[in-house]
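Dumped input-v7.cif below, it's mmCIF, N, CA and C atoms:
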data_final
loop_
_atom_site.group_PDB
_atom_site.id
_atom_site.type_symbol
_atom_site.label_atom_id
_atom_site.label_comp_id
_atom_site.auth_asym_id
_atom_site.auth_seq_id
_atom_site.Cartn_x
_atom_site.Cartn_y
_atom_site.Cartn_z
ATOM 1 N N MET N 292 0.850 -1.177 0.000
ATOM 2 C CA MET N 292 0.000 0.000 0.000
ATOM 3 C C MET N 292 0.895 1.240 0.000
ATOM 4 N N THR N 293 0.675 2.137 -0.952
ATOM 5 C CA THR N 293 1.507 3.335 -1.030
ATOM 6 C C THR N 293 0.797 4.565 -0.492
ATOM 7 N N SER N 294 -0.450 4.426 -0.110
ATOM 8 C CA SER N 294 -1.208 5.531 0.435
ATOM 9 C C SER N 294 -2.092 5.023 1.559
ATOM 10 N N ALA N 295 -2.431 5.918 2.481
ATOM 11 C CA ALA N 295 -3.345 5.548 3.559
ATOM 12 C C ALA N 295 -4.780 5.532 3.054
ATOM 13 N N PHE N 296 -5.005 6.055 1.842
ATOM 14 C CA PHE N 296 -6.334 6.128 1.260
ATOM 15 C C PHE N 296 -6.498 5.072 0.174
ATOM 16 N N THR N 297 -7.658 4.438 0.124
ATOM 17 C CA THR N 297 -8.017 3.597 -1.013
ATOM 18 C C THR N 297 -9.417 3.986 -1.441
ATOM 19 N N ALA N 298 -9.553 4.260 -2.733
ATOM 20 C CA ALA N 298 -10.833 4.691 -3.277
ATOM 21 C C ALA N 298 -11.688 3.492 -3.648
ATOM 22 N N HIS N 299 -12.957 3.582 -3.341
ATOM 23 C CA HIS N 299 -13.943 2.596 -3.736
ATOM 24 C C HIS N 299 -15.047 3.344 -4.476
ATOM 25 N N ARG N 300 -16.026 2.651 -4.978
ATOM 26 C CA ARG N 300 -17.037 3.270 -5.831
ATOM 27 C C ARG N 300 -17.739 4.454 -5.155
ATOM 28 N N ASP N 301 -18.175 4.291 -3.905
ATOM 29 C CA ASP N 301 -18.953 5.335 -3.245
ATOM 30 C C ASP N 301 -18.364 5.790 -1.909
ATOM 31 N N HIS N 302 -17.111 5.424 -1.660
ATOM 32 C CA HIS N 302 -16.481 5.831 -0.401
ATOM 33 C C HIS N 302 -14.963 5.735 -0.513
ATOM 34 N N LEU N 303 -14.318 6.219 0.531
ATOM 35 C CA LEU N 303 -12.864 6.169 0.646
ATOM 36 C C LEU N 303 -12.555 5.387 1.912
ATOM 37 N N ARG N 304 -11.514 4.566 1.868
ATOM 38 C CA ARG N 304 -11.066 3.895 3.087
ATOM 39 C C ARG N 304 -9.762 4.531 3.529
ATOM 40 N N LEU N 305 -9.666 4.758 4.819
ATOM 41 C CA LEU N 305 -8.520 5.442 5.399
ATOM 42 C C LEU N 305 -7.913 4.566 6.484
ATOM 43 N N SER N 306 -6.626 4.255 6.343
ATOM 44 C CA SER N 306 -5.901 3.492 7.366
ATOM 45 C C SER N 306 -5.380 4.471 8.409
ATOM 46 N N VAL N 307 -5.648 4.175 9.669
ATOM 47 C CA VAL N 307 -5.293 5.078 10.767
ATOM 48 C C VAL N 307 -4.575 4.297 11.853
ATOM 49 N N ARG N 308 -3.572 4.924 12.445
ATOM 50 C CA ARG N 308 -2.924 4.374 13.647
ATOM 51 C C ARG N 308 -3.270 5.323 14.781
ATOM 52 N N LEU N 309 -4.034 4.840 15.731
ATOM 53 C CA LEU N 309 -4.553 5.679 16.812
ATOM 54 C C LEU N 309 -3.768 5.495 18.103
ATOM 55 N N THR N 310 -3.440 6.617 18.730
ATOM 56 C CA THR N 310 -2.821 6.599 20.053
ATOM 57 C C THR N 310 -3.803 7.242 21.028
ATOM 58 N N PRO N 311 -4.404 6.445 21.931
ATOM 59 C CA PRO N 311 -5.308 7.011 22.937
ATOM 60 C C PRO N 311 -4.522 7.557 24.125
ATOM 61 N N ASN N 312 -5.204 8.181 25.056
ATOM 62 C CA ASN N 312 -4.590 8.743 26.277
ATOM 63 C C ASN N 312 -3.514 9.784 25.968
ATOM 64 N N ALA N 313 -3.655 10.504 24.873
ATOM 65 C CA ALA N 313 -2.669 11.519 24.500
ATOM 66 C C ALA N 313 -2.932 12.800 25.291
ATOM 67 N N SER N 314 -1.999 13.727 25.230
ATOM 68 C CA SER N 314 -2.174 14.988 25.940
ATOM 69 C C SER N 314 -3.163 15.909 25.236
ATOM 70 N N ARG N 315 -3.357 15.689 23.906
ATOM 71 C CA ARG N 315 -4.364 16.454 23.174
ATOM 72 C C ARG N 315 -4.775 15.699 21.920
ATOM 73 N N ASP N 316 -5.944 16.071 21.393
ATOM 74 C CA ASP N 316 -6.430 15.465 20.157
ATOM 75 C C ASP N 316 -5.706 16.108 18.986
ATOM 76 N N MET N 317 -5.145 15.295 18.085
ATOM 77 C CA MET N 317 -4.457 15.862 16.928
ATOM 78 C C MET N 317 -4.214 14.832 15.841
ATOM 79 N N ILE N 318 -4.117 15.341 14.613
ATOM 80 C CA ILE N 318 -3.702 14.543 13.464
ATOM 81 C C ILE N 318 -2.220 14.842 13.291
ATOM 82 N N GLU N 319 -1.386 13.814 13.307
ATOM 83 C CA GLU N 319 0.060 14.027 13.224
ATOM 84 C C GLU N 319 0.615 13.927 11.817
ATOM 85 N N GLY N 320 -0.178 13.430 10.874
ATOM 86 C CA GLY N 320 0.307 13.293 9.507
ATOM 87 C C GLY N 320 0.453 11.834 9.118
ATOM 88 N N MET N 321 1.114 11.612 8.005
ATOM 89 C CA MET N 321 1.260 10.257 7.475
ATOM 90 C C MET N 321 2.532 9.607 8.008
ATOM 91 N N GLU N 322 2.483 8.283 8.113
ATOM 92 C CA GLU N 322 3.656 7.524 8.543
ATOM 93 C C GLU N 322 3.696 6.211 7.765
ATOM 94 N N THR N 323 4.911 5.748 7.488
ATOM 95 C CA THR N 323 5.099 4.470 6.812
ATOM 96 C C THR N 323 5.767 3.506 7.785
ATOM 97 N N SER N 324 5.168 2.347 7.967
ATOM 98 C CA SER N 324 5.735 1.355 8.888
ATOM 99 C C SER N 324 6.898 0.629 8.220
ATOM 100 N N ALA N 325 7.591 -0.183 8.986
ATOM 101 C CA ALA N 325 8.749 -0.913 8.470
ATOM 102 C C ALA N 325 8.371 -1.853 7.321
ATOM 103 N N ASN N 326 7.138 -2.341 7.318
ATOM 104 C CA ASN N 326 6.710 -3.249 6.248
ATOM 105 C C ASN N 326 6.102 -2.504 5.050
ATOM 106 N N GLY N 327 6.189 -1.184 5.053
ATOM 107 C CA GLY N 327 5.719 -0.397 3.919
ATOM 108 C C GLY N 327 4.271 0.053 3.990
ATOM 109 N N GLU N 328 3.583 -0.286 5.062
ATOM 110 C CA GLU N 328 2.184 0.114 5.225
ATOM 111 C C GLU N 328 2.123 1.610 5.566
ATOM 112 N N VAL N 329 1.251 2.336 4.890
ATOM 113 C CA VAL N 329 1.108 3.777 5.113
ATOM 114 C C VAL N 329 -0.192 4.020 5.858
ATOM 115 N N PHE N 330 -0.135 4.891 6.879
ATOM 116 C CA PHE N 330 -1.340 5.207 7.631
ATOM 117 C C PHE N 330 -1.274 6.623 8.163
ATOM 118 N N LEU N 331 -2.441 7.143 8.529
ATOM 119 C CA LEU N 331 -2.558 8.449 9.143
ATOM 120 C C LEU N 331 -2.378 8.270 10.642
ATOM 121 N N LYS N 332 -1.507 9.070 11.237
ATOM 122 C CA LYS N 332 -1.300 8.996 12.686
ATOM 123 C C LYS N 332 -2.225 9.995 13.361
ATOM 124 N N ALA N 333 -2.967 9.495 14.356
ATOM 125 C CA ALA N 333 -3.892 10.347 15.103
ATOM 126 C C ALA N 333 -3.741 10.082 16.588
ATOM 127 N N ARG N 334 -3.958 11.123 17.375
ATOM 128 C CA ARG N 334 -3.912 11.006 18.837
ATOM 129 C C ARG N 334 -5.201 11.581 19.405
ATOM 130 N N VAL N 335 -5.732 10.915 20.425
ATOM 131 C CA VAL N 335 -6.913 11.426 21.120
ATOM 132 C C VAL N 335 -6.686 11.339 22.619
ATOM 133 N N THR N 336 -7.336 12.230 23.365
ATOM 134 C CA THR N 336 -7.190 12.236 24.818
ATOM 135 C C THR N 336 -8.045 11.155 25.474
ATOM 136 N N ALA N 337 -9.019 10.641 24.755
ATOM 137 C CA ALA N 337 -9.939 9.641 25.310
ATOM 138 C C ALA N 337 -9.215 8.337 25.637
ATOM 139 N N VAL N 338 -9.806 7.615 26.590
ATOM 140 C CA VAL N 338 -9.245 6.320 26.998
ATOM 141 C C VAL N 338 -9.778 5.216 26.084
ATOM 142 N N PRO N 339 -8.994 4.145 25.903
ATOM 143 C CA PRO N 339 -9.419 3.061 25.011
ATOM 144 C C PRO N 339 -10.342 2.056 25.691
ATOM 145 N N GLU N 340 -11.465 2.532 26.210
ATOM 146 C CA GLU N 340 -12.421 1.624 26.831
ATOM 147 C C GLU N 340 -13.838 2.051 26.472
ATOM 148 N N ALA N 341 -14.704 1.102 26.286
ATOM 149 C CA ALA N 341 -16.117 1.332 25.950
ATOM 150 C C ALA N 341 -16.289 2.171 24.689
ATOM 151 N N GLY N 342 -15.343 2.058 23.765
ATOM 152 C CA GLY N 342 -15.462 2.774 22.498
ATOM 153 C C GLY N 342 -15.201 4.268 22.559
ATOM 154 N N LYS N 343 -14.724 4.762 23.705
ATOM 155 C CA LYS N 343 -14.510 6.213 23.854
ATOM 156 C C LYS N 343 -13.447 6.743 22.903
ATOM 157 N N ALA N 344 -12.335 6.037 22.760
ATOM 158 C CA ALA N 344 -11.265 6.496 21.863
ATOM 159 C C ALA N 344 -11.738 6.440 20.407
ATOM 160 N N ASN N 345 -12.520 5.432 20.050
ATOM 161 C CA ASN N 345 -13.043 5.329 18.685
ATOM 162 C C ASN N 345 -13.983 6.487 18.366
ATOM 163 N N LYS N 346 -14.866 6.828 19.314
ATOM 164 C CA LYS N 346 -15.773 7.962 19.110
ATOM 165 C C LYS N 346 -14.978 9.252 18.976
ATOM 166 N N ALA N 347 -13.942 9.394 19.784
ATOM 167 C CA ALA N 347 -13.101 10.597 19.717
ATOM 168 C C ALA N 347 -12.363 10.660 18.381
ATOM 169 N N LEU N 348 -11.929 9.505 17.869
ATOM 170 C CA LEU N 348 -11.252 9.473 16.570
ATOM 171 C C LEU N 348 -12.195 9.925 15.459
ATOM 172 N N ILE N 349 -13.419 9.411 15.453
ATOM 173 C CA ILE N 349 -14.380 9.818 14.426
ATOM 174 C C ILE N 349 -14.661 11.315 14.524
ATOM 175 N N ALA N 350 -14.817 11.829 15.730
ATOM 176 C CA ALA N 350 -15.054 13.264 15.904
ATOM 177 C C ALA N 350 -13.856 14.076 15.410
ATOM 178 N N LEU N 351 -12.651 13.608 15.701
ATOM 179 C CA LEU N 351 -11.437 14.306 15.278
ATOM 180 C C LEU N 351 -11.309 14.323 13.755
ATOM 181 N N ILE N 352 -11.494 13.187 13.111
ATOM 182 C CA ILE N 352 -11.397 13.109 11.653
ATOM 183 C C ILE N 352 -12.487 13.980 11.008
ATOM 184 N N ALA N 353 -13.704 13.923 11.548
ATOM 185 C CA ALA N 353 -14.815 14.705 11.003
ATOM 186 C C ALA N 353 -14.521 16.203 11.093
ATOM 187 N N LYS N 354 -14.020 16.646 12.236
ATOM 188 C CA LYS N 354 -13.702 18.070 12.413
ATOM 189 C C LYS N 354 -12.551 18.477 11.492
ATOM 190 N N TRP N 355 -11.503 17.665 11.433
ATOM 191 C CA TRP N 355 -10.320 17.951 10.623
ATOM 192 C C TRP N 355 -10.669 18.043 9.145
ATOM 193 N N ALA N 356 -11.494 17.111 8.668
ATOM 194 C CA ALA N 356 -11.833 17.057 7.245
ATOM 195 C C ALA N 356 -13.119 17.818 6.914
ATOM 196 N N ARG N 357 -13.731 18.414 7.936
ATOM 197 C CA ARG N 357 -15.004 19.136 7.766
ATOM 198 C C ARG N 357 -16.057 18.249 7.106
ATOM 199 N N LEU N 358 -16.257 17.096 7.716
ATOM 200 C CA LEU N 358 -17.233 16.118 7.247
ATOM 201 C C LEU N 358 -18.200 15.811 8.385
ATOM 202 N N PRO N 359 -19.419 15.385 8.061
ATOM 203 C CA PRO N 359 -20.330 14.968 9.136
ATOM 204 C C PRO N 359 -19.838 13.672 9.774
ATOM 205 N N LYS N 360 -19.959 13.576 11.090
ATOM 206 C CA LYS N 360 -19.533 12.362 11.787
ATOM 207 C C LYS N 360 -20.259 11.133 11.250
ATOM 208 N N SER N 361 -21.490 11.323 10.807
ATOM 209 C CA SER N 361 -22.288 10.195 10.312
ATOM 210 C C SER N 361 -21.728 9.592 9.026
ATOM 211 N N SER N 362 -20.831 10.310 8.344
ATOM 212 C CA SER N 362 -20.252 9.770 7.099
ATOM 213 C C SER N 362 -19.027 8.890 7.363
ATOM 214 N N ILE N 363 -18.609 8.776 8.626
ATOM 215 C CA ILE N 363 -17.402 8.014 8.974
ATOM 216 C C ILE N 363 -17.794 6.814 9.827
ATOM 217 N N SER N 364 -17.309 5.630 9.436
ATOM 218 C CA SER N 364 -17.587 4.414 10.196
ATOM 219 C C SER N 364 -16.361 3.502 10.151
ATOM 220 N N PHE N 365 -16.394 2.453 10.962
ATOM 221 C CA PHE N 365 -15.279 1.511 11.017
ATOM 222 C C PHE N 365 -15.485 0.355 10.056
ATOM 223 N N VAL N 366 -14.432 0.013 9.328
ATOM 224 C CA VAL N 366 -14.417 -1.200 8.514
ATOM 225 C C VAL N 366 -13.795 -2.308 9.356
ATOM 226 N N SER N 367 -12.692 -1.975 10.035
ATOM 227 C CA SER N 367 -12.015 -2.958 10.890
ATOM 228 C C SER N 367 -11.163 -2.245 11.932
ATOM 229 N N GLY N 368 -10.725 -2.998 12.921
ATOM 230 C CA GLY N 368 -9.787 -2.486 13.912
ATOM 231 C C GLY N 368 -10.388 -1.753 15.086
ATOM 232 N N GLU N 369 -11.661 -1.984 15.377
ATOM 233 C CA GLU N 369 -12.286 -1.245 16.480
ATOM 234 C C GLU N 369 -11.600 -1.481 17.819
ATOM 235 N N THR N 370 -10.963 -2.639 17.996
ATOM 236 C CA THR N 370 -10.274 -2.911 19.261
ATOM 237 C C THR N 370 -8.757 -2.928 19.088
ATOM 238 N N ALA N 371 -8.276 -2.518 17.939
ATOM 239 C CA ALA N 371 -6.837 -2.512 17.668
ATOM 240 C C ALA N 371 -6.341 -1.080 17.517
ATOM 241 N N ARG N 372 -5.042 -0.913 17.542
ATOM 242 C CA ARG N 372 -4.437 0.406 17.361
ATOM 243 C C ARG N 372 -4.547 0.856 15.907
ATOM 244 N N LYS N 373 -4.375 -0.100 14.985
ATOM 245 C CA LYS N 373 -4.502 0.213 13.555
ATOM 246 C C LYS N 373 -5.929 -0.063 13.132
ATOM 247 N N LYS N 374 -6.523 0.923 12.487
ATOM 248 C CA LYS N 374 -7.929 0.857 12.120
ATOM 249 C C LYS N 374 -8.110 1.214 10.653
ATOM 250 N N ILE N 375 -9.200 0.765 10.085
ATOM 251 C CA ILE N 375 -9.571 1.192 8.736
ATOM 252 C C ILE N 375 -10.938 1.843 8.844
ATOM 253 N N LEU N 376 -11.002 3.100 8.430
ATOM 254 C CA LEU N 376 -12.242 3.853 8.463
ATOM 255 C C LEU N 376 -12.840 3.944 7.074
ATOM 256 N N ARG N 377 -14.147 3.960 7.007
ATOM 257 C CA ARG N 377 -14.879 4.179 5.759
ATOM 258 C C ARG N 377 -15.432 5.598 5.826
ATOM 259 N N ILE N 378 -15.143 6.383 4.786
ATOM 260 C CA ILE N 378 -15.669 7.742 4.701
ATOM 261 C C ILE N 378 -16.559 7.792 3.464
ATOM 262 N N ASP N 379 -17.861 7.937 3.693
ATOM 263 C CA ASP N 379 -18.822 7.961 2.593
ATOM 264 C C ASP N 379 -18.725 9.274 1.823
ATOM 265 N N GLY N 380 -18.850 9.168 0.505
ATOM 266 C CA GLY N 380 -18.801 10.343 -0.357
ATOM 267 C C GLY N 380 -18.073 10.020 -1.646
ATOM 268 N N ASP N 381 -17.887 11.034 -2.461
ATOM 269 C CA ASP N 381 -17.170 10.871 -3.730
ATOM 270 C C ASP N 381 -15.695 10.644 -3.419
ATOM 271 N N PRO N 382 -15.148 9.465 -3.770
ATOM 272 C CA PRO N 382 -13.760 9.158 -3.382
ATOM 273 C C PRO N 382 -12.732 10.134 -3.956
ATOM 274 N N GLU N 383 -12.933 10.603 -5.173
ATOM 275 C CA GLU N 383 -11.973 11.549 -5.755
ATOM 276 C C GLU N 383 -11.968 12.862 -4.996
ATOM 277 N N ASP N 384 -13.162 13.392 -4.691
ATOM 278 C CA ASP N 384 -13.259 14.641 -3.930
ATOM 279 C C ASP N 384 -12.627 14.484 -2.544
ATOM 280 N N LEU N 385 -12.911 13.347 -1.902
ATOM 281 C CA LEU N 385 -12.367 13.102 -0.564
ATOM 282 C C LEU N 385 -10.847 13.012 -0.591
ATOM 283 N N MET N 386 -10.282 12.335 -1.583
ATOM 284 C CA MET N 386 -8.815 12.206 -1.670
ATOM 285 C C MET N 386 -8.165 13.569 -1.861
ATOM 286 N N VAL N 387 -8.748 14.390 -2.729
ATOM 287 C CA VAL N 387 -8.202 15.735 -2.965
ATOM 288 C C VAL N 387 -8.262 16.552 -1.674
ATOM 289 N N ARG N 388 -9.395 16.493 -0.980
ATOM 290 C CA ARG N 388 -9.578 17.250 0.256
ATOM 291 C C ARG N 388 -8.580 16.816 1.328
ATOM 292 N N LEU N 389 -8.454 15.503 1.535
ATOM 293 C CA LEU N 389 -7.559 14.993 2.584
ATOM 294 C C LEU N 389 -6.091 15.229 2.241
ATOM 295 N N ASP N 390 -5.717 15.062 0.962
ATOM 296 C CA ASP N 390 -4.341 15.352 0.549
ATOM 297 C C ASP N 390 -3.999 16.807 0.825
ATOM 298 N N ALA N 391 -4.919 17.712 0.510
ATOM 299 C CA ALA N 391 -4.686 19.148 0.734
ATOM 300 C C ALA N 391 -4.509 19.440 2.223
ATOM 301 N N LEU N 392 -5.306 18.804 3.060
ATOM 302 C CA LEU N 392 -5.196 19.007 4.513
ATOM 303 C C LEU N 392 -3.847 18.511 5.044
ATOM 304 N N LEU N 393 -3.352 17.413 4.495
ATOM 305 C CA LEU N 393 -2.086 16.849 4.952
ATOM 306 C C LEU N 393 -0.886 17.689 4.512
ATOM 307 N N LYS N 394 -1.034 18.470 3.474
ATOM 308 C CA LYS N 394 0.087 19.280 2.975
ATOM 309 C C LYS N 394 0.192 20.633 3.661
ATOM 310 N N ARG N 395 -0.764 20.941 4.546
ATOM 311 C CA ARG N 395 -0.721 22.225 5.261
ATOM 312 C C ARG N 395 0.423 22.272 6.233
#
Is it possible to give me this structure as structure tokens?
Amino acid sequence: MTSAFTAHRDHLRLSVRLTPNASRDMIEGMETSANGEVFLKARVTAVPEAGKANKALIALIAKWARLPKSSISFVSGETARKKILRIDGDPEDLMVRLDALLKR
């Protein structure tokens, strides 16, 4: 995988590495793991119990990308550090928007 984003017909999938219990909520940018996997690094202050960190991640991504929280859901990784999110919408528009945000 060369990007944290993968386009599908009606949505975009985003690979995320989440760090809970952080000092503040933030998107840290892209990172490539030793095996070549690319993901978006995110930190949230919420604790990883009862879905609190996952809810905080969706709120953070929604605010950062200016998207409704209802357009973001989990594909996999709800109990893992590495997650795959589904973002509903036009995949090309979403990729352009997210790429622009990451280059700021």
Q: Could you tell me which residues the PyMOL selection byres (((chain N and resi 348 and name CA) around 12) and name CA) grabs in this file, written as a PyMOL selection string?
A: chain N and resi 307-313+315-318+331-339+342-347+349-355+360+363-365+369+372-376
Q: Based on DSSP run over this structure's backbone, return all residues of chain N in strand (DSSP E), as a ChimeraX atom specification.
A: /N:296-298,302-310,317-323,329-334,363-367,373-379
Q. Which polymer residues have any atom within 12 Å of an atom of segment 380-385 of chain N, counting only C-alpha atoms, with same-chain residues fewer than 3 positions away left out, as a list in words?
A.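 Once the adjacent positions are removed, what remains is Phe296, Thr297, Ala298, His299, Arg300, Asp301, His302, Leu303, Arg304, Leu305, Ala353, Ala356, Arg357, Leu358, Pro359, Ser361, Ser362, Ile363, Arg377, Arg388, Leu389, Asp390, Ala391 and Leu392 of chain N.
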Q. Which of chain N counts as helix (DSSP H, G or I) under DSSP, as a PyMOL selection string please?
A. chain N and resi 343-356+360-362+382-393
How would the residues just picked look written out with N, CA and C atoms as a PDB file, in the frame of the given file?
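Writing done, so here's result-v5.pdb:
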ATOM      1  N   LYS N 343     -14.724   4.762  23.705  1.00  0.00           N
ATOM      2  CA  LYS N 343     -14.510   6.213  23.854  1.00  0.00           C
ATOM      3  C   LYS N 343     -13.447   6.743  22.903  1.00  0.00           C
ATOM      4  N   ALA N 344     -12.335   6.037  22.760  1.00  0.00           N
ATOM      5  CA  ALA N 344     -11.265   6.496  21.863  1.00  0.00           C
ATOM      6  C   ALA N 344     -11.738   6.440  20.407  1.00  0.00           C
ATOM      7  N   ASN N 345     -12.520   5.432  20.050  1.00  0.00           N
ATOM      8  CA  ASN N 345     -13.043   5.329  18.685  1.00  0.00           C
ATOM      9  C   ASN N 345     -13.983   6.487  18.366  1.00  0.00           C
ATOM     10  N   LYS N 346     -14.866   6.828  19.314  1.00  0.00           N
ATOM     11  CA  LYS N 346     -15.773   7.962  19.110  1.00  0.00           C
ATOM     12  C   LYS N 346     -14.978   9.252  18.976  1.00  0.00           C
ATOM     13  N   ALA N 347     -13.942   9.394  19.784  1.00  0.00           N
ATOM     14  CA  ALA N 347     -13.101  10.597  19.717  1.00  0.00           C
ATOM     15  C   ALA N 347     -12.363  10.660  18.381  1.00  0.00           C
ATOM     16  N   LEU N 348     -11.929   9.505  17.869  1.00  0.00           N
ATOM     17  CA  LEU N 348     -11.252   9.473  16.570  1.00  0.00           C
ATOM     18  C   LEU N 348     -12.195   9.925  15.459  1.00  0.00           C
ATOM     19  N   ILE N 349     -13.419   9.411  15.453  1.00  0.00           N
ATOM     20  CA  ILE N 349     -14.380   9.818  14.426  1.00  0.00           C
ATOM     21  C   ILE N 349     -14.661  11.315  14.524  1.00  0.00           C
ATOM     22  N   ALA N 350     -14.817  11.829  15.730  1.00  0.00           N
ATOM     23  CA  ALA N 350     -15.054  13.264  15.904  1.00  0.00           C
ATOM     24  C   ALA N 350     -13.856  14.076  15.410  1.00  0.00           C
ATOM     25  N   LEU N 351     -12.651  13.608  15.701  1.00  0.00           N
ATOM     26  CA  LEU N 351     -11.437  14.306  15.278  1.00  0.00           C
ATOM     27  C   LEU N 351     -11.309  14.323  13.755  1.00  0.00           C
ATOM     28  N   ILE N 352     -11.494  13.187  13.111  1.00  0.00           N
ATOM     29  CA  ILE N 352     -11.397  13.109  11.653  1.00  0.00           C
ATOM     30  C   ILE N 352     -12.487  13.980  11.008  1.00  0.00           C
ATOM     31  N   ALA N 353     -13.704  13.923  11.548  1.00  0.00           N
ATOM     32  CA  ALA N 353     -14.815  14.705  11.003  1.00  0.00           C
ATOM     33  C   ALA N 353     -14.521  16.203  11.093  1.00  0.00           C
ATOM     34  N   LYS N 354     -14.020  16.646  12.236  1.00  0.00           N
ATOM     35  CA  LYS N 354     -13.702  18.070  12.413  1.00  0.00           C
ATOM     36  C   LYS N 354     -12.551  18.477  11.492  1.00  0.00           C
ATOM     37  N   TRP N 355     -11.503  17.665  11.433  1.00  0.00           N
ATOM     38  CA  TRP N 355     -10.320  17.951  10.623  1.00  0.00           C
ATOM     39  C   TRP N 355     -10.669  18.043   9.145  1.00  0.00           C
ATOM     40  N   ALA N 356     -11.494  17.111   8.668  1.00  0.00           N
ATOM     41  CA  ALA N 356     -11.833  17.057   7.245  1.00  0.00           C
ATOM     42  C   ALA N 356     -13.119  17.818   6.914  1.00  0.00           C
ATOM     43  N   LYS N 360     -19.959  13.576  11.090  1.00  0.00           N
ATOM     44  CA  LYS N 360     -19.533  12.362  11.787  1.00  0.00           C
ATOM     45  C   LYS N 360     -20.259  11.133  11.250  1.00  0.00           C
ATOM     46  N   SER N 361     -21.490  11.323  10.807  1.00  0.00           N
ATOM     47  CA  SER N 361     -22.288  10.195  10.312  1.00  0.00           C
ATOM     48  C   SER N 361     -21.728   9.592   9.026  1.00  0.00           C
ATOM     49  N   SER N 362     -20.831  10.310   8.344  1.00  0.00           N
ATOM     50  CA  SER N 362     -20.252   9.770   7.099  1.00  0.00           C
ATOM     51  C   SER N 362     -19.027   8.890   7.363  1.00  0.00           C
ATOM     52  N   PRO N 382     -15.148   9.465  -3.770  1.00  0.00           N
ATOM     53  CA  PRO N 382     -13.760   9.158  -3.382  1.00  0.00           C
ATOM     54  C   PRO N 382     -12.732  10.134  -3.956  1.00  0.00           C
ATOM     55  N   GLU N 383     -12.933  10.603  -5.173  1.00  0.00           N
ATOM     56  CA  GLU N 383     -11.973  11.549  -5.755  1.00  0.00           C
ATOM     57  C   GLU N 383     -11.968  12.862  -4.996  1.00  0.00           C
ATOM     58  N   ASP N 384     -13.162  13.392  -4.691  1.00  0.00           N
ATOM     59  CA  ASP N 384     -13.259  14.641  -3.930  1.00  0.00           C
ATOM     60  C   ASP N 384     -12.627  14.484  -2.544  1.00  0.00           C
ATOM     61  N   LEU N 385     -12.911  13.347  -1.902  1.00  0.00           N
ATOM     62  CA  LEU N 385     -12.367  13.102  -0.564  1.00  0.00           C
ATOM     63  C   LEU N 385     -10.847  13.012  -0.591  1.00  0.00           C
ATOM     64  N   MET N 386     -10.282  12.335  -1.583  1.00  0.00           N
ATOM     65  CA  MET N 386      -8.815  12.206  -1.670  1.00  0.00           C
ATOM     66  C   MET N 386      -8.165  13.569  -1.861  1.00  0.00           C
ATOM     67  N   VAL N 387      -8.748  14.390  -2.729  1.00  0.00           N
ATOM     68  CA  VAL N 387      -8.202  15.735  -2.965  1.00  0.00           C
ATOM     69  C   VAL N 387      -8.262  16.552  -1.674  1.00  0.00           C
ATOM     70  N   ARG N 388      -9.395  16.493  -0.980  1.00  0.00           N
ATOM     71  CA  ARG N 388      -9.578  17.250   0.256  1.00  0.00           C
ATOM     72  C   ARG N 388      -8.580  16.816   1.328  1.00  0.00           C
ATOM     73  N   LEU N 389      -8.454  15.503   1.535  1.00  0.00           N
ATOM     74  CA  LEU N 389      -7.559  14.993   2.584  1.00  0.00           C
ATOM     75  C   LEU N 389      -6.091  15.229   2.241  1.00  0.00           C
ATOM     76  N   ASP N 390      -5.717  15.062   0.962  1.00  0.00           N
ATOM     77  CA  ASP N 390      -4.341  15.352   0.549  1.00  0.00           C
ATOM     78  C   ASP N 390      -3.999  16.807   0.825  1.00  0.00           C
ATOM     79  N   ALA N 391      -4.919  17.712   0.510  1.00  0.00           N
ATOM     80  CA  ALA N 391      -4.686  19.148   0.734  1.00  0.00           C
ATOM     81  C   ALA N 391      -4.509  19.440   2.223  1.00  0.00           C
ATOM     82  N   LEU N 392      -5.306  18.804   3.060  1.00  0.00           N
ATOM     83  CA  LEU N 392      -5.196  19.007   4.513  1.00  0.00           C
ATOM     84  C   LEU N 392      -3.847  18.511   5.044  1.00  0.00           C
ATOM     85  N   LEU N 393      -3.352  17.413   4.495  1.00  0.00           N
ATOM     86  CA  LEU N 393      -2.086  16.849   4.952  1.00  0.00           C
ATOM     87  C   LEU N 393      -0.886  17.689   4.512  1.00  0.00           C
TER      88      LEU N 393
END
Q) Please, what distance in Å, to one decimal, runs between atom CA of Val387 of chain N and atom CA of Glu319 of chain N? A)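 Atom CA of Glu319 of chain N lies at a distance of 18.3 Å from atom CA of Val387 of chain N.
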Q | Interatomic distance (Å, one decimal) between atom CA of Gly368 of chain N and atom CA of Ser324 of chain N | A | 16.8 Å
**Q.** Straight-line distance linking atom CA of Thr370 of chain N with atom C of Val329 of chain N, stated in Å to one decimal
**A.** 18.1 Å
Q. From the list N:Met386, N:Ile378, N:Leu393, N:Ser294, which residue is nearest Glu328 of chain N when using all atoms listed in the file?
A.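 So, comparing all the options, the nearest one is N:Ser294.
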